[in-house]
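To be precise, the following lines are upload.tsv, and they hold TSV, C-alpha atoms and all ligand atoms.
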```tsv
chain	number	residue	atom	x	y	z
A	58	MET	CA	-11.34	19.97	-31.06
A	59	ALA	CA	-10.67	16.24	-31.49
A	60	ILE	CA	-7.30	14.64	-30.83
A	61	GLU	CA	-5.81	11.50	-32.32
A	62	ALA	CA	-5.31	8.60	-29.92
A	63	ARG	CA	-2.93	5.71	-30.59
A	64	LEU	CA	-3.29	2.81	-28.17
A	65	ARG	CA	-1.19	-0.32	-27.91
A	66	VAL	CA	-3.32	-2.73	-25.91
A	67	ARG	CA	-2.24	-6.00	-24.33
A	68	ARG	CA	-4.61	-8.73	-25.44
A	69	TYR	CA	-4.89	-12.09	-23.73
A	70	ASP	CA	-7.53	-14.77	-23.48
A	71	PRO	CA	-6.31	-17.48	-21.06
A	72	GLU	CA	-9.16	-19.80	-22.12
A	73	SER	CA	-8.02	-19.81	-25.75
A	74	GLY	CA	-4.66	-21.33	-24.83
A	75	GLY	CA	-2.93	-18.61	-26.90
A	76	GLU	CA	-0.13	-16.31	-25.83
A	77	PRO	CA	-0.56	-12.62	-24.86
A	78	TYR	CA	0.14	-10.10	-27.62
A	79	TYR	CA	-0.15	-6.36	-28.24
A	80	GLN	CA	-2.65	-4.87	-30.67
A	81	GLU	CA	-2.51	-1.31	-31.95
A	82	TYR	CA	-5.56	0.88	-32.49
A	83	GLU	CA	-6.11	4.44	-33.65
A	84	THR	CA	-9.15	6.57	-32.94
A	85	SER	CA	-10.01	10.18	-32.29
A	86	VAL	CA	-11.52	11.51	-29.07
A	87	PRO	CA	-12.54	14.98	-27.85
A	88	GLU	CA	-9.77	17.16	-26.43
A	89	TRP	CA	-10.83	16.23	-22.91
A	90	GLY	CA	-10.93	12.52	-23.79
A	91	THR	CA	-9.49	9.92	-21.42
A	92	VAL	CA	-7.84	6.57	-22.01
A	93	LEU	CA	-11.16	5.00	-21.05
A	94	ASP	CA	-13.05	7.11	-23.63
A	95	ALA	CA	-10.65	5.89	-26.32
A	96	LEU	CA	-10.96	2.24	-25.24
A	97	ILE	CA	-14.76	2.38	-25.20
A	98	GLN	CA	-14.80	4.01	-28.62
A	99	ILE	CA	-12.51	1.32	-30.01
A	100	ARG	CA	-14.67	-1.41	-28.51
A	101	GLU	CA	-17.86	0.10	-29.90
A	102	GLU	CA	-16.62	1.09	-33.35
A	103	GLN	CA	-13.71	-1.19	-34.21
A	104	ASP	CA	-13.34	-4.31	-32.09
A	105	GLY	CA	-16.18	-5.70	-30.00
A	106	THR	CA	-13.89	-8.38	-28.56
A	107	LEU	CA	-11.75	-5.86	-26.64
A	108	THR	CA	-12.55	-6.61	-23.00
A	109	LEU	CA	-12.40	-4.03	-20.22
A	110	ARG	CA	-14.24	-3.15	-17.03
A	111	CYS	CA	-15.74	0.25	-16.24
A	112	SER	CA	-18.84	1.84	-14.81
A	113	CYS	CA	-18.99	5.41	-13.47
A	114	ARG	CA	-16.44	7.03	-15.85
A	115	SER	CA	-15.93	9.61	-13.08
A	116	ALA	CA	-13.17	8.15	-10.83
A	117	ILE	CA	-15.74	7.01	-8.29
A	118	CYS	CA	-16.48	3.30	-8.71
A	119	GLY	CA	-12.88	2.04	-8.94
A	120	SER	CA	-13.58	-0.46	-11.70
A	121	CYS	CA	-11.36	0.86	-14.52
A	122	ALA	CA	-7.90	0.54	-12.95
A	123	MET	CA	-5.30	-0.70	-15.42
A	124	LYS	CA	-1.69	-0.01	-16.34
A	125	VAL	CA	-1.20	3.03	-18.54
A	126	ASN	CA	2.33	3.38	-19.86
A	127	GLY	CA	3.49	0.91	-17.23
A	128	GLU	CA	1.88	2.50	-14.16
A	129	SER	CA	-1.46	1.60	-12.61
A	130	ALA	CA	-4.11	4.30	-12.87
A	131	LEU	CA	-7.81	4.86	-13.37
A	132	ALA	CA	-8.33	4.93	-17.15
A	133	CYS	CA	-11.26	7.32	-16.70
A	134	LYS	CA	-9.07	9.80	-14.84
A	135	THR	CA	-6.15	9.72	-17.26
A	136	LYS	CA	-6.54	12.33	-19.99
A	137	LEU	CA	-4.86	11.53	-23.29
A	138	VAL	CA	-3.79	15.13	-23.75
A	139	ASP	CA	-1.76	14.88	-20.52
A	140	ILE	CA	0.13	11.69	-21.35
A	141	ALA	CA	0.31	11.86	-25.15
A	142	PRO	CA	0.10	15.56	-26.10
A	143	ASP	CA	1.66	14.95	-29.53
A	144	GLY	CA	-0.26	11.77	-30.34
A	145	GLU	CA	2.37	9.44	-28.85
A	146	THR	CA	1.40	5.77	-28.59
A	147	VAL	CA	-0.04	4.88	-25.17
A	148	THR	CA	0.48	1.35	-23.88
A	149	VAL	CA	-2.47	-0.10	-21.95
A	150	GLU	CA	-2.20	-3.33	-19.94
A	151	PRO	CA	-4.16	-5.10	-17.20
A	152	MET	CA	-3.28	-4.54	-13.54
A	153	GLY	CA	-0.43	-6.56	-12.08
A	154	ASN	CA	-0.43	-9.04	-9.18
A	155	GLN	CA	-3.92	-10.25	-10.07
A	156	PRO	CA	-4.94	-13.10	-12.38
A	157	ILE	CA	-6.06	-11.99	-15.85
A	158	VAL	CA	-9.58	-12.95	-16.86
A	159	ARG	CA	-9.30	-11.49	-20.34
A	160	ASP	CA	-7.50	-8.50	-21.94
A	161	LEU	CA	-7.77	-5.62	-19.42
A	162	VAL	CA	-10.01	-7.41	-16.91
A	163	VAL	CA	-8.44	-9.03	-13.86
A	164	ASP	CA	-9.96	-11.37	-11.30
A	165	MET	CA	-10.56	-9.25	-8.16
A	166	GLN	CA	-11.52	-12.25	-6.00
A	167	PRO	CA	-8.10	-12.49	-4.25
A	168	PHE	CA	-8.30	-8.73	-3.61
A	169	TRP	CA	-11.74	-9.04	-1.99
A	170	ASP	CA	-10.70	-12.12	-0.01
A	171	LYS	CA	-7.89	-10.12	1.59
A	172	VAL	CA	-10.14	-7.15	2.33
A	173	ARG	CA	-12.67	-9.51	3.96
A	174	ALA	CA	-9.89	-11.13	5.99
A	175	VAL	CA	-9.35	-7.89	7.95
A	176	GLN	CA	-13.03	-7.78	9.00
A	177	PRO	CA	-13.82	-4.40	7.40
A	178	TYR	CA	-16.70	-3.41	9.65
A	179	LEU	CA	-17.14	-1.87	13.08
A	180	GLN	CA	-17.28	-4.31	15.99
A	181	PRO	CA	-18.60	-2.48	19.07
A	182	ASP	CA	-19.14	-4.50	22.26
A	183	GLY	CA	-22.70	-3.23	22.37
A	184	PRO	CA	-24.84	-0.16	21.81
A	185	PRO	CA	-23.70	3.16	23.37
A	186	GLU	CA	-24.81	3.67	26.98
A	187	SER	CA	-27.14	6.42	25.84
A	188	GLY	CA	-29.06	3.77	23.89
A	189	ARG	CA	-29.00	6.14	20.94
A	190	GLU	CA	-26.68	6.31	17.95
A	191	TYR	CA	-22.93	6.58	18.56
A	192	LEU	CA	-21.81	10.10	17.71
A	193	ALA	CA	-18.06	10.19	17.05
A	194	PRO	CA	-16.44	13.56	17.68
A	195	ASN	CA	-15.07	15.31	14.58
A	196	ASP	CA	-11.51	15.33	15.91
A	197	ALA	CA	-11.58	11.57	16.33
A	198	MET	CA	-12.67	10.98	12.74
A	199	GLN	CA	-10.77	13.60	10.76
A	200	HIS	CA	-7.57	11.56	10.55
A	201	LEU	CA	-9.60	8.75	8.95
A	202	SER	CA	-11.11	10.84	6.17
A	203	GLY	CA	-8.19	10.17	3.80
A	204	VAL	CA	-8.29	6.40	4.25
A	205	MET	CA	-12.07	6.37	3.88
A	206	ASN	CA	-11.61	7.78	0.36
A	207	CYS	CA	-10.51	4.34	-0.87
A	208	ILE	CA	-12.60	3.22	-3.84
A	209	MET	CA	-11.20	-0.34	-3.85
A	210	CYS	CA	-9.75	0.04	-7.33
A	211	GLY	CA	-6.76	-2.25	-6.70
A	212	ALA	CA	-4.16	0.07	-8.29
A	213	CYS	CA	-2.00	-0.10	-5.16
A	214	VAL	CA	-2.15	-3.89	-5.13
A	215	SER	CA	-1.20	-3.92	-8.80
A	216	GLU	CA	2.05	-2.06	-8.05
A	217	CYS	CA	2.96	-3.64	-4.71
A	218	THR	CA	6.52	-4.95	-4.92
A	219	VAL	CA	5.98	-7.42	-2.06
A	220	LEU	CA	2.94	-9.00	-3.70
A	221	GLU	CA	5.07	-9.64	-6.77
A	222	VAL	CA	7.04	-12.18	-4.77
A	223	ASP	CA	4.68	-13.17	-1.95
A	224	ASP	CA	0.97	-13.56	-2.63
A	225	LYS	CA	0.30	-14.24	1.08
A	226	PHE	CA	0.91	-10.55	1.86
A	227	LEU	CA	-2.40	-8.88	2.69
A	228	GLY	CA	-1.36	-5.93	0.57
A	229	PRO	CA	-1.80	-2.16	0.79
A	230	ALA	CA	-5.56	-1.88	0.26
A	231	ALA	CA	-6.53	-4.49	2.86
A	232	LEU	CA	-4.06	-3.17	5.43
A	233	ALA	CA	-5.24	0.41	4.88
A	234	LYS	CA	-8.77	-0.86	5.46
A	235	ALA	CA	-7.61	-2.66	8.61
A	236	TYR	CA	-6.20	0.61	9.93
A	237	ARG	CA	-9.43	2.41	9.09
A	238	PHE	CA	-11.33	0.17	11.54
A	239	ALA	CA	-8.61	-0.38	14.15
A	240	ALA	CA	-8.27	3.40	14.57
A	241	ASP	CA	-11.99	4.12	14.63
A	242	PRO	CA	-13.05	5.26	18.13
A	243	ARG	CA	-16.34	3.31	17.80
A	244	ASP	CA	-14.60	-0.05	17.39
A	245	ASP	CA	-14.01	-2.26	20.44
A	246	LYS	CA	-11.84	-4.92	18.79
A	247	THR	CA	-8.73	-2.80	18.21
A	248	GLN	CA	-6.46	-4.97	20.36
A	249	GLU	CA	-7.64	-8.22	18.72
A	250	ARG	CA	-7.20	-6.71	15.26
A	251	LEU	CA	-3.67	-5.56	16.09
A	252	VAL	CA	-2.66	-8.93	17.54
A	253	ASP	CA	-3.91	-10.73	14.41
A	254	LEU	CA	-2.13	-8.42	11.99
A	255	PHE	CA	1.02	-8.36	14.14
A	256	ASP	CA	1.57	-12.12	14.23
A	257	MET	CA	0.16	-13.06	10.84
A	258	ASP	CA	2.39	-14.25	8.02
A	259	GLY	CA	1.75	-11.57	5.39
A	260	GLY	CA	0.55	-9.01	7.94
A	261	MET	CA	1.69	-5.53	8.92
A	262	TRP	CA	5.44	-6.26	9.00
A	263	ASP	CA	5.81	-7.49	5.43
A	264	CYS	CA	5.61	-4.08	3.71
A	265	THR	CA	9.05	-2.93	2.51
A	266	HIS	CA	8.23	0.82	2.28
A	267	CYS	CA	8.71	1.00	-1.47
A	268	PHE	CA	6.16	3.86	-1.74
A	269	GLU	CA	4.62	2.45	-4.95
A	270	CYS	CA	1.14	2.26	-3.43
A	271	VAL	CA	1.35	5.87	-2.24
A	272	GLN	CA	2.46	7.02	-5.66
A	273	VAL	CA	-0.29	5.36	-7.71
A	274	CYS	CA	-3.32	5.65	-5.42
A	275	PRO	CA	-5.80	7.88	-7.28
A	276	LYS	CA	-7.52	8.93	-4.06
A	277	GLY	CA	-4.59	9.92	-1.86
A	278	VAL	CA	-5.21	7.09	0.61
A	279	GLU	CA	-1.46	6.65	1.24
A	280	PRO	CA	-1.72	2.96	2.18
A	281	MET	CA	1.92	2.66	3.25
A	282	GLU	CA	1.44	5.44	5.81
A	283	ARG	CA	-1.54	3.53	7.24
A	284	ILE	CA	0.59	0.41	7.55
A	285	VAL	CA	3.21	2.42	9.46
A	286	LYS	CA	0.43	3.71	11.74
A	287	LEU	CA	-0.78	0.14	12.37
A	288	ARG	CA	2.75	-0.77	13.45
A	289	GLU	CA	2.89	2.22	15.80
A	290	MET	CA	-0.48	1.25	17.26
A	291	ALA	CA	0.71	-2.33	17.78
A	292	MET	CA	3.88	-1.22	19.56
A	293	ASP	CA	1.94	1.29	21.68
A	294	ALA	CA	-0.37	-1.58	22.61
A	295	GLY	CA	2.61	-3.50	24.01
A	296	LEU	CA	3.21	-5.95	21.14
A	297	GLU	CA	6.96	-6.37	20.85
A	298	ASP	CA	8.08	-9.89	20.00
A	299	HIS	CA	8.68	-9.56	16.27
A	300	ASN	CA	11.76	-9.01	14.13
A	301	GLY	CA	9.98	-6.01	12.61
A	302	VAL	CA	9.81	-4.30	16.01
A	303	ARG	CA	13.44	-5.14	16.77
A	304	HIS	CA	14.46	-3.80	13.34
A	305	SER	CA	12.55	-0.51	13.82
A	306	LYS	CA	13.93	0.05	17.30
A	307	THR	CA	17.53	-0.78	16.34
A	308	PHE	CA	17.26	1.55	13.36
A	309	ALA	CA	15.83	4.42	15.42
A	310	ASP	CA	18.24	3.90	18.34
A	311	SER	CA	21.19	3.98	15.96
A	312	VAL	CA	20.13	7.22	14.28
A	313	GLU	CA	19.24	8.85	17.60
A	314	HIS	CA	22.57	7.88	19.10
A	315	SER	CA	24.92	8.76	16.25
A	316	GLY	CA	22.88	10.68	13.67
A	317	TRP	CA	23.22	7.94	11.09
A	318	LEU	CA	22.59	4.25	10.65
A	319	ASN	CA	25.02	1.76	12.17
A	320	GLU	CA	24.61	-1.01	9.61
A	321	SER	CA	26.75	-3.50	11.50
A	322	GLN	CA	24.33	-3.33	14.44
A	323	LEU	CA	21.16	-3.41	12.34
A	324	ALA	CA	21.32	-7.08	11.38
A	325	VAL	CA	22.34	-8.14	14.89
A	326	GLY	CA	19.62	-6.07	16.55
A	327	SER	CA	16.87	-7.06	14.12
A	328	PHE	CA	16.91	-10.77	14.83
A	329	LYS	CA	16.20	-12.55	18.05
A	330	LEU	CA	19.53	-14.33	18.51
A	331	THR	CA	18.87	-15.99	21.85
A	332	ASN	CA	21.12	-19.01	21.49
A	333	VAL	CA	24.36	-20.12	19.88
A	334	LYS	CA	22.49	-22.01	17.14
A	335	ASP	CA	20.69	-18.81	16.04
A	336	GLN	CA	23.93	-16.87	16.11
A	337	LEU	CA	25.80	-19.49	14.07
A	338	GLY	CA	22.89	-19.54	11.61
A	339	ASN	CA	23.87	-16.04	10.51
A	340	MET	CA	27.51	-16.88	9.91
A	341	PRO	CA	27.11	-17.86	6.21
A	342	VAL	CA	25.48	-14.48	5.48
A	343	ALA	CA	28.23	-12.65	7.36
A	344	LEU	CA	30.89	-14.59	5.46
A	345	ARG	CA	29.28	-13.82	2.10
A	346	MET	CA	29.12	-10.11	3.00
A	347	LEU	CA	32.76	-10.17	4.00
A	348	MET	CA	33.85	-11.89	0.79
A	349	SER	CA	31.91	-9.49	-1.42
A	350	GLY	CA	33.23	-6.41	0.39
A	351	LYS	CA	29.81	-5.50	1.83
A	352	MET	CA	30.66	-5.86	5.52
A	353	PRO	CA	29.93	-2.50	7.19
A	354	ASN	CA	32.71	-0.73	9.03
A	355	PRO	CA	32.44	-1.70	12.73
A	356	ILE	CA	33.82	1.71	13.80
A	357	HIS	CA	30.79	3.98	13.95
A	358	ARG	CA	31.26	7.61	15.03
A	359	PRO	CA	28.49	10.17	15.66
A	360	ILE	CA	28.09	12.96	13.11
A	361	PRO	CA	28.99	16.52	14.34
A	362	SER	CA	25.33	17.67	14.38
A	363	VAL	CA	24.05	14.67	16.32
A	364	ARG	CA	22.47	16.93	18.99
A	365	GLU	CA	20.11	18.37	16.41
A	366	VAL	CA	19.10	14.86	15.38
A	367	ARG	CA	18.38	14.03	19.03
A	368	ARG	CA	16.24	17.16	19.36
A	369	VAL	CA	14.18	15.93	16.39
A	370	PHE	CA	13.73	12.59	18.14
A	371	ASP	CA	12.68	14.28	21.40
A	372	GLU	CA	10.12	16.45	19.64
A	373	THR	CA	8.78	13.53	17.59
A	374	GLU	CA	8.39	11.44	20.74
A	375	ARG	CA	6.61	14.30	22.52
A	376	GLN	CA	4.13	14.69	19.63
A	377	HIS	CA	3.61	10.94	19.43
A	378	GLN	CA	2.80	10.66	23.15
A	379	GLN	CA	0.35	13.53	22.78
A	380	GLN	CA	-1.40	11.75	19.88
A	381	VAL	CA	-1.55	8.48	21.83
A	382	ALA	CA	-3.10	10.27	24.83
A	383	GLU	CA	-5.68	11.98	22.60
A	384	SER	CA	-6.71	8.81	20.80
A	385	THR	CA	-6.92	6.87	24.10
A	386	SER	CA	-9.21	9.49	25.60
A	387	GLN	CA	-11.36	9.44	22.42
A	388	LYS	CA	-11.71	5.66	22.68
A	389	GLU	CA	-12.66	5.92	26.34
A	390	ALA	CA	-15.13	8.77	25.84
A	401	LIG	S1	4.86	0.48	0.39
A	401	LIG	FE1	4.46	-1.58	1.18
A	401	LIG	S2	2.30	-1.99	0.75
A	401	LIG	FE2	2.92	-0.20	-0.47
A	401	LIG	S3	3.47	-1.06	-2.46
A	401	LIG	FE3	5.37	-0.95	-1.26
A	401	LIG	S4	5.56	-2.93	-0.22
A	401	LIG	FE4	3.45	-2.79	-1.00
A	402	LIG	S1	-5.86	2.49	-1.48
A	402	LIG	FE1	-6.01	3.78	-3.32
A	402	LIG	S2	-5.11	2.52	-4.95
A	402	LIG	FE2	-5.56	1.15	-3.24
A	402	LIG	S3	-7.59	0.33	-3.65
A	402	LIG	FE3	-7.89	2.15	-2.37
A	402	LIG	S4	-8.18	3.85	-3.80
A	402	LIG	FE4	-7.33	2.16	-4.98
A	403	LIG	S1	-15.06	3.90	-14.46
A	403	LIG	FE1	-15.44	4.19	-12.34
A	403	LIG	S2	-13.51	4.73	-11.57
A	403	LIG	FE2	-13.19	4.67	-13.70
```

Take the structure in this file and express it as structure tokens.
Ligand code: SF4
Ligand code: SF4
Ligand code: FES
Amino acid sequence: MAIEARLRVRRYDPESGGEPYYQEYETSVPEWGTVLDALIQIREEQDGTLTLRCSCRSAICGSCAMKVNGESALACKTKLVDIAPDGETVTVEPMGNQPIVRDLVVDMQPFWDKVRAVQPYLQPDGPPESGREYLAPNDAMQHLSGVMNCIMCGACVSECTVLEVDDKFLGPAALAKAYRFAADPRDDKTQERLVDLFDMDGGMWDCTHCFECVQVCPKGVEPMERIVKLREMAMDAGLEDHNGVRHSKTFADSVEHSGWLNESQLAVGSFKLTNVKDQLGNMPVALRMLMSGKMPNPIHRPIPSVREVRRVFDETERQHQQQVAESTSQKEA
């Protein structure tokens, strides 16, 4: 059975000097048809100027990522019957946070530059002592299987809320890739990788945990979780002098101590206020908060069930130490 597809496609040709506009198309596709099937049909039968990128049509190559009804997705994985069961109009736009080449095609060069910047390849100090191939134990690789599913589609980058305001941020895909190699037991440059990403402007501390990349990734890579893991690895490796570390520790200490966040301590604990000048530098912010009624209450009492919260912390710490010991022994093996 065929279904009717109505697409509203954003058209734009930067070289023409014209403005972007939306063009509506109608076509019919098989019941199992995807947004990509409809776009290809339109291009082949109605409008040869419609520009898009695709290859495998099977959610493997990562080339057809675009915004469908405002959210980045693989067009070849998005069935029309799922998003427009009654023939509703579907809006199709190019990915965000990347320059538009034409219509639905974006320039992936900045994406690849950032992936290359994290050195996405193993860097062993030399061949294994056996002189034969390095055989990684299953247990040491299983936790990497999710991140290795990345098909470099760029959907996460398209939705990243930090990249919208700061194009220096490495972004979710590159940082997930960095984790993939830093956590690989065959790599001998873990410490150097962590130091680079720890200190770098736009590195591991610039993610704001908005979850967008986790939500849109078509392969379940969960880039934000990998960024959190990179931070844990950096702290376990003894890297501490960063506002991000101070922020995390102040946050956790507050919740462990009282069961909830002490906001008045968070700002103070997050910044390295080592001298009077630094401390005075925060006064204008404090004054603005006071005047707009946003100053947190300085009296902070523990919640009645704080002991349960502390038990959660104890158990989490125990499991974390166990994981650290296991991954250290895998690296040394
Ligand atoms: S969670 Fe972090 S990396 Fe992911 S989209 Fe949000 S800000 Fe970007
Ligand atoms: S992490 Fe997911 S969304 Fe991002 S590039 Fe890889 S597969 Fe695509
Ligand atoms: S065409 Fe390859 S992932 Fe969609």

Nearby residues (only C-alpha atoms) at most 9 Å from range 116-120 of chain A, same-chain spacing under 6 positions excluded, as an NGL selection string | :A and (110 or 131-134 or 207-212 or 275-276)

Between CA of Gly326 in chain A and CA of Ile284 in chain A, what is the spacing in Å?
->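 Going from CA of Ile284 in chain A over to CA of Gly326 in chain A covers 22.0 Å.
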
Selection as a PyMOL selection string: residues within 9 Å of ligand LIG 401 (chain A) by all atoms listed in the file | chain A and resi 213-220+226-230+232-233+261+263-272+279-282+284

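Note that the spacing between atom FE1 of ligand LIG 403 (chain A) and CA of Ala122 in chain A amounts to 8.4 Å.
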
Which residue out of A:Val138, A:Ala309, A:Met123, A:Met165 has the minimum interatomic distance to Pro151 in chain A when all atoms listed in the file are used?
->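 Checking each of A:Val138, A:Ala309, A:Met123, A:Met165 against Pro151 in chain A, counting all atoms listed in the file, the winner is A:Met123.
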
Polymer residues at most 12 Å from range 376-386 of chain A, all atoms listed in the file, same-chain spacing of 2 or more positions, as a PyMOL selection string = chain A and resi 194+196-200+239-243+247+286+289-294+369-374+388-390

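Between Phe238 in chain A and the candidates A:Val172, A:Val302, A:Leu192, A:Leu318, the tightest atom-to-atom separation, counting all atoms listed in the file, involves A:Val172.
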
Counting only C-alpha atoms and all ligand atoms, which of A:Asp224, A:Glu88, A:Asp70, A:Glu128 gets nearest to ligand LIG 402 (chain A)?
-> A:Glu128

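Compared by their closest atoms to ligand LIG 402 (chain A), and using only C-alpha atoms and all ligand atoms, the residues A:Glu102, A:Gly74, A:Leu287, A:Arg237 rank with A:Arg237 nearest.
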
Test item: residues at most 10 Å from Ala324 in chain A, all atoms listed in the file, excluding those fewer than 5 positions along its chain, as a ChimeraX atom specification | /A:303-304,307-308,319,339,343

Show me the residues close to (-11.1, -9.0, -12.2) - anything with an atom within 10 Å, counting all atoms listed in the file - and format the list as a PDB file with C-alpha atoms, in the frame of the given file.
```pdb
ATOM      1  CA  LEU A 109     -12.400  -4.030 -20.220  1.00  0.00           C
ATOM      2  CA  ARG A 110     -14.240  -3.150 -17.030  1.00  0.00           C
ATOM      3  CA  SER A 120     -13.580  -0.460 -11.700  1.00  0.00           C
ATOM      4  CA  PRO A 151      -4.160  -5.100 -17.200  1.00  0.00           C
ATOM      5  CA  MET A 152      -3.280  -4.540 -13.540  1.00  0.00           C
ATOM      6  CA  GLN A 155      -3.920 -10.250 -10.070  1.00  0.00           C
ATOM      7  CA  PRO A 156      -4.940 -13.100 -12.380  1.00  0.00           C
ATOM      8  CA  ILE A 157      -6.060 -11.990 -15.850  1.00  0.00           C
ATOM      9  CA  VAL A 158      -9.580 -12.950 -16.860  1.00  0.00           C
ATOM     10  CA  ARG A 159      -9.300 -11.490 -20.340  1.00  0.00           C
ATOM     11  CA  LEU A 161      -7.770  -5.620 -19.420  1.00  0.00           C
ATOM     12  CA  VAL A 162     -10.010  -7.410 -16.910  1.00  0.00           C
ATOM     13  CA  VAL A 163      -8.440  -9.030 -13.860  1.00  0.00           C
ATOM     14  CA  ASP A 164      -9.960 -11.370 -11.300  1.00  0.00           C
ATOM     15  CA  MET A 165     -10.560  -9.250  -8.160  1.00  0.00           C
ATOM     16  CA  GLN A 166     -11.520 -12.250  -6.000  1.00  0.00           C
ATOM     17  CA  PRO A 167      -8.100 -12.490  -4.250  1.00  0.00           C
ATOM     18  CA  PHE A 168      -8.300  -8.730  -3.610  1.00  0.00           C
ATOM     19  CA  GLY A 211      -6.760  -2.250  -6.700  1.00  0.00           C
TER      20      GLY A 211
END
```

Kindly compute an axis-aligned box around the listed atoms of range 264-278 of chain A, allowing 5 Å on each side, and express its centre and edge lengths in Å to one decimal as AutoDock Vina command-line options.
```
--center_x 0.8 --center_y 2.9 --center_z -2.0 --size_x 26.6 --size_y 24.0 --size_z 21.4
```

Closest of A:Val147, A:Val175, A:Cys113, A:Leu93 to ligand LIG 403 (chain A) - atom-to-atom distances counting only C-alpha atoms and all ligand atoms = A:Cys113

Work out how far apart CA of Val363 in chain A and CA of Trp262 in chain A are and give it in Å to one decimal.
->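 Those two atoms sit 28.9 Å apart.
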
In terms of only C-alpha atoms and all ligand atoms, the residue from A:Met340, A:Ala95, A:Cys121, A:Leu251 at minimal distance from ligand LIG 403 (chain A) is A:Cys121
